[in-house]
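The structure file coords.json is reproduced below (JSON, C-alpha atoms).
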[["chain", "number", "residue", "atom", "x", "y", "z"],
["A", 12, "MET", "CA", -30.18, -23.80, -70.77],
["A", 13, "SER", "CA", -30.19, -20.23, -69.43],
["A", 14, "GLN", "CA", -26.90, -18.36, -69.04],
["A", 15, "ILE", "CA", -27.07, -18.45, -65.24],
["A", 16, "THR", "CA", -27.84, -22.14, -65.16],
["A", 17, "GLU", "CA", -25.00, -22.70, -67.56],
["A", 18, "GLU", "CA", -22.60, -20.79, -65.30],
["A", 19, "ILE", "CA", -23.76, -22.82, -62.33],
["A", 20, "SER", "CA", -23.18, -26.07, -64.09],
["A", 21, "VAL", "CA", -19.67, -24.93, -65.01],
["A", 22, "ALA", "CA", -18.87, -23.69, -61.50],
["A", 23, "GLY", "CA", -20.42, -26.75, -59.89],
["A", 24, "PRO", "CA", -23.13, -27.09, -57.29],
["A", 25, "ASP", "CA", -21.34, -24.62, -54.97],
["A", 26, "LEU", "CA", -22.78, -21.70, -56.93],
["A", 27, "ASP", "CA", -26.30, -23.02, -56.77],
["A", 28, "PRO", "CA", -28.10, -20.91, -54.12],
["A", 29, "GLU", "CA", -30.36, -23.81, -53.29],
["A", 30, "THR", "CA", -27.43, -25.61, -51.72],
["A", 31, "TRP", "CA", -26.03, -22.62, -49.80],
["A", 32, "VAL", "CA", -28.12, -22.86, -46.66],
["A", 33, "ASP", "CA", -27.26, -26.53, -46.16],
["A", 34, "ARG", "CA", -23.62, -26.15, -47.06],
["A", 35, "TYR", "CA", -22.69, -22.86, -45.42],
["A", 36, "GLY", "CA", -25.59, -21.72, -43.23],
["A", 37, "ASP", "CA", -24.28, -23.05, -39.91],
["A", 38, "TYR", "CA", -20.71, -22.10, -40.72],
["A", 39, "LEU", "CA", -21.61, -18.46, -41.38],
["A", 40, "TYR", "CA", -24.04, -18.33, -38.48],
["A", 41, "ARG", "CA", -21.34, -19.47, -36.02],
["A", 42, "PHE", "CA", -19.06, -16.74, -37.25],
["A", 43, "ALA", "CA", -21.80, -14.11, -36.97],
["A", 44, "VAL", "CA", -22.69, -15.29, -33.44],
["A", 45, "SER", "CA", -19.05, -15.00, -32.40],
["A", 46, "HIS", "CA", -19.21, -11.25, -33.10],
["A", 47, "ILE", "CA", -22.87, -10.37, -32.60],
["A", 48, "GLU", "CA", -24.51, -11.20, -29.31],
["A", 49, "ASP", "CA", -28.08, -11.00, -30.58],
["A", 50, "ARG", "CA", -28.72, -14.29, -32.37],
["A", 51, "SER", "CA", -31.71, -13.01, -34.32],
["A", 52, "VAL", "CA", -29.47, -10.28, -35.75],
["A", 53, "ALA", "CA", -26.87, -12.93, -36.58],
["A", 54, "GLU", "CA", -29.55, -14.88, -38.48],
["A", 55, "ASP", "CA", -30.56, -11.75, -40.37],
["A", 56, "LEU", "CA", -26.94, -11.06, -41.32],
["A", 57, "VAL", "CA", -26.54, -14.58, -42.66],
["A", 58, "GLN", "CA", -29.70, -14.10, -44.71],
["A", 59, "GLU", "CA", -28.46, -10.74, -46.00],
["A", 60, "THR", "CA", -25.14, -12.36, -46.89],
["A", 61, "PHE", "CA", -26.85, -15.01, -49.01],
["A", 62, "LEU", "CA", -29.06, -12.42, -50.70],
["A", 63, "ALA", "CA", -26.08, -10.17, -51.47],
["A", 64, "ALA", "CA", -24.24, -13.20, -52.85],
["A", 65, "LEU", "CA", -27.24, -14.05, -54.99],
["A", 66, "ARG", "CA", -27.25, -10.53, -56.44],
["A", 67, "GLY", "CA", -23.49, -10.54, -57.00],
["A", 68, "ARG", "CA", -23.23, -14.12, -58.18],
["A", 69, "LYS", "CA", -22.42, -13.21, -61.75],
["A", 70, "LYS", "CA", -19.40, -11.26, -60.57],
["A", 71, "PHE", "CA", -17.97, -14.28, -58.77],
["A", 72, "ARG", "CA", -14.91, -15.23, -60.78],
["A", 73, "GLY", "CA", -13.80, -18.25, -58.84],
["A", 74, "ARG", "CA", -10.87, -16.26, -57.43],
["A", 75, "SER", "CA", -11.58, -17.87, -54.07],
["A", 76, "THR", "CA", -13.82, -20.67, -52.91],
["A", 77, "VAL", "CA", -17.53, -19.97, -52.52],
["A", 78, "LYS", "CA", -17.07, -20.42, -48.77],
["A", 79, "THR", "CA", -14.37, -17.73, -48.62],
["A", 80, "TRP", "CA", -16.43, -15.45, -50.86],
["A", 81, "LEU", "CA", -19.50, -15.77, -48.62],
["A", 82, "SER", "CA", -17.35, -15.25, -45.52],
["A", 83, "ALA", "CA", -15.95, -12.02, -46.95],
["A", 84, "ILE", "CA", -19.46, -10.71, -47.63],
["A", 85, "LEU", "CA", -20.51, -11.60, -44.08],
["A", 86, "LYS", "CA", -17.52, -9.76, -42.56],
["A", 87, "HIS", "CA", -18.55, -6.58, -44.38],
["A", 88, "LYS", "CA", -22.15, -7.06, -43.20],
["A", 89, "ILE", "CA", -20.99, -7.41, -39.60],
["A", 90, "VAL", "CA", -18.89, -4.26, -39.74],
["A", 91, "ASP", "CA", -21.77, -2.35, -41.38],
["A", 92, "TYR", "CA", -24.12, -3.56, -38.65],
["A", 93, "LEU", "CA", -21.69, -2.61, -35.87],
["A", 94, "ARG", "CA", -21.10, 0.77, -37.44],
["A", 95, "LYS", "CA", -24.82, 1.55, -37.44],
["A", 96, "LYS", "CA", -25.22, 0.22, -33.93],
["A", 97, "TYR", "CA", -22.40, 2.28, -32.44],
["A", 98, "ARG", "CA", -23.31, 5.41, -34.35],
["A", 99, "GLU", "CA", -26.82, 5.21, -32.92],
["A", 100, "GLN", "CA", -25.42, 5.37, -29.42],
["A", 101, "VAL", "CA", -24.83, 8.86, -28.08],
["A", 102, "THR", "CA", -21.31, 8.15, -26.93],
["A", 103, "THR", "CA", -19.02, 5.25, -27.57],
["A", 104, "ASP", "CA", -15.73, 4.17, -26.06],
["A", 105, "THR", "CA", -13.86, 4.90, -29.23],
["A", 106, "ASP", "CA", -15.12, 8.48, -29.30],
["A", 107, "THR", "CA", -12.13, 9.13, -27.08],
["A", 108, "ILE", "CA", -9.89, 8.62, -30.10],
["A", 109, "THR", "CA", -10.45, 11.94, -31.74],
["A", 110, "GLU", "CA", -7.00, 12.31, -33.21],
["A", 111, "THR", "CA", -6.67, 12.64, -36.92],
["A", 112, "VAL", "CA", -3.35, 11.49, -38.33],
["A", 113, "ASP", "CA", -2.02, 15.02, -37.79],
["A", 114, "GLY", "CA", -3.08, 14.83, -34.16],
["A", 115, "PHE", "CA", -0.72, 11.93, -33.53],
["A", 116, "PHE", "CA", 2.30, 14.13, -34.28],
["A", 117, "HIS", "CA", 3.89, 17.40, -33.21],
["A", 118, "LYS", "CA", 4.37, 20.08, -35.82],
["A", 119, "ASN", "CA", 7.97, 18.95, -36.33],
["A", 120, "GLY", "CA", 6.73, 15.48, -37.27],
["A", 121, "SER", "CA", 7.77, 13.67, -34.08],
["A", 122, "TRP", "CA", 5.27, 11.50, -32.20],
["A", 123, "LYS", "CA", 2.90, 13.35, -29.88],
["A", 124, "ILE", "CA", 0.94, 10.19, -29.04],
["A", 125, "ARG", "CA", 3.67, 7.60, -28.98],
["A", 126, "PRO", "CA", 2.94, 3.97, -29.77],
["A", 127, "GLY", "CA", 2.84, 2.11, -26.47],
["A", 128, "GLU", "CA", 4.38, -1.22, -25.73],
["A", 129, "TRP", "CA", 2.26, -4.23, -26.66],
["A", 130, "ASN", "CA", 3.19, -6.94, -24.23],
["A", 131, "LEU", "CA", 1.81, -9.91, -25.97],
["A", 132, "ASP", "CA", 2.44, -13.57, -26.14],
["A", 133, "PRO", "CA", 2.41, -14.28, -29.89],
["A", 134, "SER", "CA", 1.11, -17.79, -29.35],
["A", 135, "LYS", "CA", -1.71, -16.51, -27.17],
["A", 136, "ILE", "CA", -2.92, -13.54, -29.19],
["A", 137, "TYR", "CA", -4.11, -15.76, -31.99],
["A", 138, "GLU", "CA", -6.34, -17.63, -29.63],
["A", 139, "GLN", "CA", -8.05, -14.53, -28.39],
["A", 140, "ARG", "CA", -11.47, -14.03, -29.88],
["A", 141, "GLU", "CA", -11.66, -10.80, -27.94],
["A", 142, "PHE", "CA", -8.89, -9.38, -30.11],
["A", 143, "MET", "CA", -10.95, -9.84, -33.25],
["A", 144, "ASP", "CA", -14.06, -8.60, -31.48],
["A", 145, "THR", "CA", -12.24, -5.41, -30.55],
["A", 146, "LEU", "CA", -10.83, -5.11, -34.05],
["A", 147, "PHE", "CA", -14.31, -5.38, -35.57],
["A", 148, "LYS", "CA", -15.61, -2.74, -33.17],
["A", 149, "CYS", "CA", -12.71, -0.46, -34.04],
["A", 150, "LEU", "CA", -13.30, -1.07, -37.75],
["A", 151, "ALA", "CA", -16.91, -0.04, -37.26],
["A", 152, "GLU", "CA", -15.72, 3.33, -35.99],
["A", 153, "LEU", "CA", -13.75, 4.08, -39.13],
["A", 154, "PRO", "CA", -15.27, 5.91, -42.09],
["A", 155, "ASP", "CA", -16.92, 3.37, -44.36],
["A", 156, "ARG", "CA", -14.40, 3.48, -47.20],
["A", 157, "GLN", "CA", -11.40, 3.30, -44.90],
["A", 158, "SER", "CA", -12.72, 0.20, -43.16],
["A", 159, "LYS", "CA", -13.57, -1.38, -46.53],
["A", 160, "ALA", "CA", -10.09, -0.62, -47.86],
["A", 161, "PHE", "CA", -8.52, -2.14, -44.75],
["A", 162, "MET", "CA", -10.65, -5.27, -44.85],
["A", 163, "LEU", "CA", -10.06, -5.81, -48.55],
["A", 164, "ARG", "CA", -6.31, -5.41, -48.11],
["A", 165, "GLU", "CA", -5.64, -7.14, -44.81],
["A", 166, "MET", "CA", -8.40, -9.70, -44.56],
["A", 167, "GLU", "CA", -8.97, -10.56, -48.21],
["A", 168, "GLY", "CA", -5.44, -9.88, -49.47],
["A", 169, "TYR", "CA", -6.51, -7.61, -52.35],
["A", 170, "SER", "CA", -3.75, -5.86, -54.31],
["A", 171, "THR", "CA", -3.66, -2.08, -54.70],
["A", 172, "LYS", "CA", -5.07, -2.45, -58.20],
["A", 173, "GLU", "CA", -7.97, -4.56, -56.97],
["A", 174, "ILE", "CA", -8.74, -2.11, -54.16],
["A", 175, "CYS", "CA", -8.65, 0.79, -56.64],
["A", 176, "ASN", "CA", -11.14, -1.02, -58.86],
["A", 177, "ALA", "CA", -13.41, -2.00, -55.99],
["A", 178, "LEU", "CA", -13.50, 1.45, -54.37],
["A", 179, "GLU", "CA", -12.88, 3.55, -57.48],
["A", 180, "VAL", "CA", -9.94, 5.44, -56.05],
["A", 181, "SER", "CA", -6.41, 6.17, -57.25],
["A", 182, "PRO", "CA", -3.48, 4.12, -55.92],
["A", 183, "THR", "CA", -2.27, 7.14, -53.91],
["A", 184, "ASN", "CA", -5.70, 7.54, -52.36],
["A", 185, "SER", "CA", -5.82, 3.87, -51.44],
["A", 186, "TRP", "CA", -2.45, 4.12, -49.64],
["A", 187, "VAL", "CA", -3.60, 7.20, -47.74],
["A", 188, "MET", "CA", -6.83, 5.44, -46.74],
["A", 189, "LEU", "CA", -4.90, 2.39, -45.54],
["A", 190, "TYR", "CA", -2.43, 4.56, -43.63],
["A", 191, "ARG", "CA", -5.25, 6.37, -41.82],
["A", 192, "ALA", "CA", -6.99, 3.10, -41.08],
["A", 193, "ARG", "CA", -3.83, 1.53, -39.66],
["A", 194, "MET", "CA", -3.08, 4.59, -37.52],
["A", 195, "PHE", "CA", -6.57, 4.55, -36.06],
["A", 196, "LEU", "CA", -6.82, 0.79, -35.58],
["A", 197, "ARG", "CA", -3.40, 0.53, -33.97],
["A", 198, "ARG", "CA", -4.40, 3.18, -31.44],
["A", 199, "CYS", "CA", -7.87, 1.77, -30.92],
["A", 200, "LEU", "CA", -6.53, -1.72, -30.22],
["A", 201, "GLU", "CA", -3.90, -0.31, -27.91],
["A", 202, "LEU", "CA", -6.53, 1.51, -25.86],
["A", 203, "PHE", "CA", -9.28, -1.07, -25.82],
["A", 204, "TRP", "CA", -7.54, -4.41, -26.07],
["A", 205, "PHE", "CA", -3.92, -4.21, -24.99],
["A", 206, "ASN", "CA", -4.55, -1.84, -22.10],
["A", 207, "LYS", "CA", -7.47, -3.95, -20.97],
["A", 208, "THR", "CA", -5.37, -7.09, -21.13],
["A", 209, "LYS", "CA", -2.63, -5.32, -19.20],
["A", 210, "GLU", "CA", -5.08, -4.31, -16.47],
["A", 211, "GLU", "CA", -6.44, -7.84, -16.21],
["A", 212, "ASN", "CA", -2.97, -9.29, -15.87],
["A", 213, "SER", "CA", -1.75, -6.75, -13.31],
["B", 97, "MET", "CA", 17.61, 15.84, -37.22],
["B", 98, "SER", "CA", 18.88, 16.68, -40.69],
["B", 99, "HIS", "CA", 16.36, 17.91, -43.22],
["B", 100, "TRP", "CA", 17.22, 15.10, -45.61],
["B", 101, "MET", "CA", 16.06, 12.53, -43.11],
["B", 102, "PHE", "CA", 12.47, 11.46, -42.65],
["B", 103, "ASN", "CA", 10.68, 12.50, -39.48],
["B", 104, "CYS", "CA", 8.38, 10.12, -37.56],
["B", 105, "LYS", "CA", 5.25, 11.22, -39.40],
["B", 106, "GLU", "CA", 6.86, 10.61, -42.77],
["B", 107, "VAL", "CA", 8.30, 7.29, -41.63],
["B", 108, "SER", "CA", 4.96, 6.03, -40.31],
["B", 109, "ARG", "CA", 3.29, 6.92, -43.61],
["B", 110, "ARG", "CA", 5.96, 5.19, -45.65],
["B", 111, "VAL", "CA", 6.08, 2.17, -43.37],
["B", 112, "SER", "CA", 2.37, 1.77, -44.04],
["B", 113, "GLU", "CA", 2.87, 2.35, -47.76],
["B", 114, "SER", "CA", 5.67, -0.24, -47.85],
["B", 115, "MET", "CA", 3.06, -2.81, -46.86],
["B", 116, "ASP", "CA", 1.12, -2.05, -50.04],
["B", 117, "ARG", "CA", 3.82, -1.41, -52.63],
["B", 118, "ASN", "CA", 7.57, -1.58, -53.16],
["B", 119, "LEU", "CA", 9.19, 1.68, -52.14],
["B", 120, "PRO", "CA", 12.20, 3.10, -54.01],
["B", 121, "LEU", "CA", 15.55, 2.05, -52.58],
["B", 122, "TYR", "CA", 16.48, 5.50, -51.27],
["B", 123, "GLN", "CA", 13.22, 5.68, -49.29],
["B", 124, "ARG", "CA", 13.83, 2.26, -47.80],
["B", 125, "MET", "CA", 17.33, 3.40, -46.81],
["B", 126, "LEU", "CA", 15.98, 6.54, -45.14],
["B", 127, "ILE", "CA", 13.36, 4.53, -43.28],
["B", 128, "TRP", "CA", 15.96, 2.03, -42.16],
["B", 129, "MET", "CA", 18.24, 4.80, -40.87],
["B", 130, "HIS", "CA", 15.38, 6.39, -38.98],
["B", 131, "LEU", "CA", 14.29, 3.09, -37.46],
["B", 132, "LEU", "CA", 17.79, 2.52, -36.12],
["B", 133, "MET", "CA", 17.36, 5.60, -33.99],
["B", 134, "CYS", "CA", 13.64, 5.67, -33.20],
["B", 135, "LYS", "CA", 12.05, 3.07, -30.96],
["B", 136, "TYR", "CA", 8.54, 4.49, -31.44],
["B", 137, "CYS", "CA", 8.58, 4.13, -35.20],
["B", 138, "THR", "CA", 10.10, 0.66, -34.79],
["B", 139, "ARG", "CA", 7.22, -0.15, -32.47],
["B", 140, "PHE", "CA", 4.72, 1.28, -34.95],
["B", 141, "ARG", "CA", 6.12, -0.88, -37.73],
["B", 142, "ARG", "CA", 6.04, -4.00, -35.57],
["B", 143, "GLN", "CA", 2.47, -3.33, -34.46],
["B", 144, "VAL", "CA", 0.96, -2.71, -37.89],
["B", 145, "ARG", "CA", 2.63, -5.93, -39.02],
["B", 146, "ILE", "CA", 1.12, -7.78, -36.07],
["B", 147, "LEU", "CA", -2.23, -6.36, -37.12],
["B", 148, "ARG", "CA", -1.73, -7.68, -40.65],
["B", 149, "ASP", "CA", -0.49, -11.09, -39.52],
["B", 150, "HIS", "CA", -3.41, -11.45, -37.21],
["B", 151, "CYS", "CA", -5.99, -10.44, -39.81],
["B", 152, "ARG", "CA", -4.54, -12.80, -42.38],
["B", 153, "SER", "CA", -4.20, -15.77, -40.09],
["B", 154, "HIS", "CA", -7.73, -15.24, -38.92],
["B", 155, "ARG", "CA", -9.85, -18.13, -40.04],
["B", 156, "LEU", "CA", -13.52, -18.48, -39.49],
["B", 157, "ASP", "CA", -13.04, -21.95, -38.06],
["B", 158, "GLU", "CA", -10.91, -20.60, -35.25],
["B", 159, "ASN", "CA", -13.78, -18.37, -34.26],
["B", 160, "SER", "CA", -16.33, -21.09, -34.33],
["B", 161, "PRO", "CA", -15.38, -23.35, -31.48],
["B", 162, "ASP", "CA", -18.93, -24.31, -30.66],
["B", 163, "PRO", "CA", -20.29, -26.84, -33.16],
["B", 164, "ASP", "CA", -23.59, -26.83, -31.28],
["B", 165, "VAL", "CA", -24.36, -23.35, -32.57],
["B", 166, "THR", "CA", -26.52, -23.97, -35.60],
["B", 167, "LEU", "CA", -29.21, -22.13, -37.50],
["B", 168, "SER", "CA", -32.67, -23.09, -36.29],
["B", 169, "SER", "CA", -34.90, -24.92, -38.74],
["B", 170, "ASP", "CA", -37.18, -21.85, -38.76],
["B", 171, "ALA", "CA", -34.28, -19.62, -39.75],
["B", 172, "CYS", "CA", -33.16, -22.08, -42.44],
["B", 173, "GLY", "CA", -36.69, -22.14, -43.85],
["B", 174, "ARG", "CA", -36.95, -18.37, -43.80],
["B", 175, "ILE", "CA", -33.60, -17.91, -45.55],
["B", 176, "ARG", "CA", -34.45, -20.54, -48.18],
["B", 177, "GLU", "CA", -37.74, -18.77, -48.82],
["B", 178, "ALA", "CA", -36.00, -15.38, -49.14],
["B", 179, "LEU", "CA", -33.48, -16.82, -51.59],
["B", 180, "LYS", "CA", -36.22, -18.44, -53.58],
["B", 181, "SER", "CA", -38.31, -15.30, -53.86],
["B", 182, "SER", "CA", -35.24, -13.23, -54.82],
["B", 183, "SER", "CA", -34.01, -15.67, -57.44],
["B", 184, "PRO", "CA", -34.40, -14.44, -61.01]]

How does the structure come out when it is put into structure tokens?
Amino acid sequence: MSQITEEISVAGPDLDPETWVDRYGDYLYRFAVSHIEDRSVAEDLVQETFLAALRGRKKFRGRSTVKTWLSAILKHKIVDYLRKKYREQVTTDTDTITETVDGFFHKNGSWKIRPGEWNLDPSKIYEQREFMDTLFKCLAELPDRQSKAFMLREMEGYSTKEICNALEVSPTNSWVMLYRARMFLRRCLELFWFNKTKEENS
Amino acid sequence: MSHWMFNCKEVSRRVSESMDRNLPLYQRMLIWMHLLMCKYCTRFRRQVRILRDHCRSHRLDENSPDPDVTLSSDACGRIREALKSSSP
């Protein structure tokens, strides 16, 4: 029995690529469609997800379920796709957020661009697909490594050590990357989701 | 504001950092003192936590309300073929 086949038999049929399309194809496709309007692109992203999983299968340590693992790969694929798409456009909405972290503050360290009020109904926000859509679009505007660090930390729950290993950065660098990502995403969501919601409700 | 206190920029950075590691007690005290006086930093802290809570509670199933959305048989066949030809 080859090593790969042996690993598969230990991990169970879930790690057998032949079963992936039947088991997870529709599930991943629905998620892709909920963020990507073009269904042929969504199909391609699902295919790319499976191929990336096939290549990285040996690294799968059973830390999560195969379903969660495939989902995580797909999320990164979606953000990569959106990043390319928005960068190809001459201007984008989020181009209006030009502030670096320094730009958010006065020289004395007080807020120049103050965090606005988020009037949200906590029970409602979790139902809003638009919120995640906006978040994905904002993520796509971040530098690649910042968005990866954010997704690994906040969506996959990686520890600092795991992020450092995945991105080959020091702990201090990872905290700086996450800080920059949070500053940008907070502002981006405020401008393009909370303000929009406010306008719709007024 | 006294020089031994954190300003908003420092507080926002440490609030973010506190979400990724345990800060020393004196830093937590300084943040806490600042937050008592600063509604914008309090807002910032609340909002980045909302962002985290939302990301972590996000489940694919919640975003897939339409069970009728399925891969076409053509797409399934194409993906199977791609997997097959890429398999070692």

Item checked: Exercise answer, chain A residues close to chain B, 6 Å and only C-alpha atoms, as a PyMOL selection string -> chain A and resi 37+41-42+58+120-121+126+165-166+186+190

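Going from CA of Phe195 (chain A) to CA of Trp129 (chain A) covers 15.6 Å.
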
Check: Distance CA of Leu150 (chain A)-CA of Val90 (chain A), one decimal place?
Finding: 6.7 Å

Margin query: As an exercise, work out the distance from CA of Ile174 (chain A) to CA of Arg191 (chain A) in Å and give it to one decimal place.
Written below: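 These atoms are spaced 15.4 Å apart.
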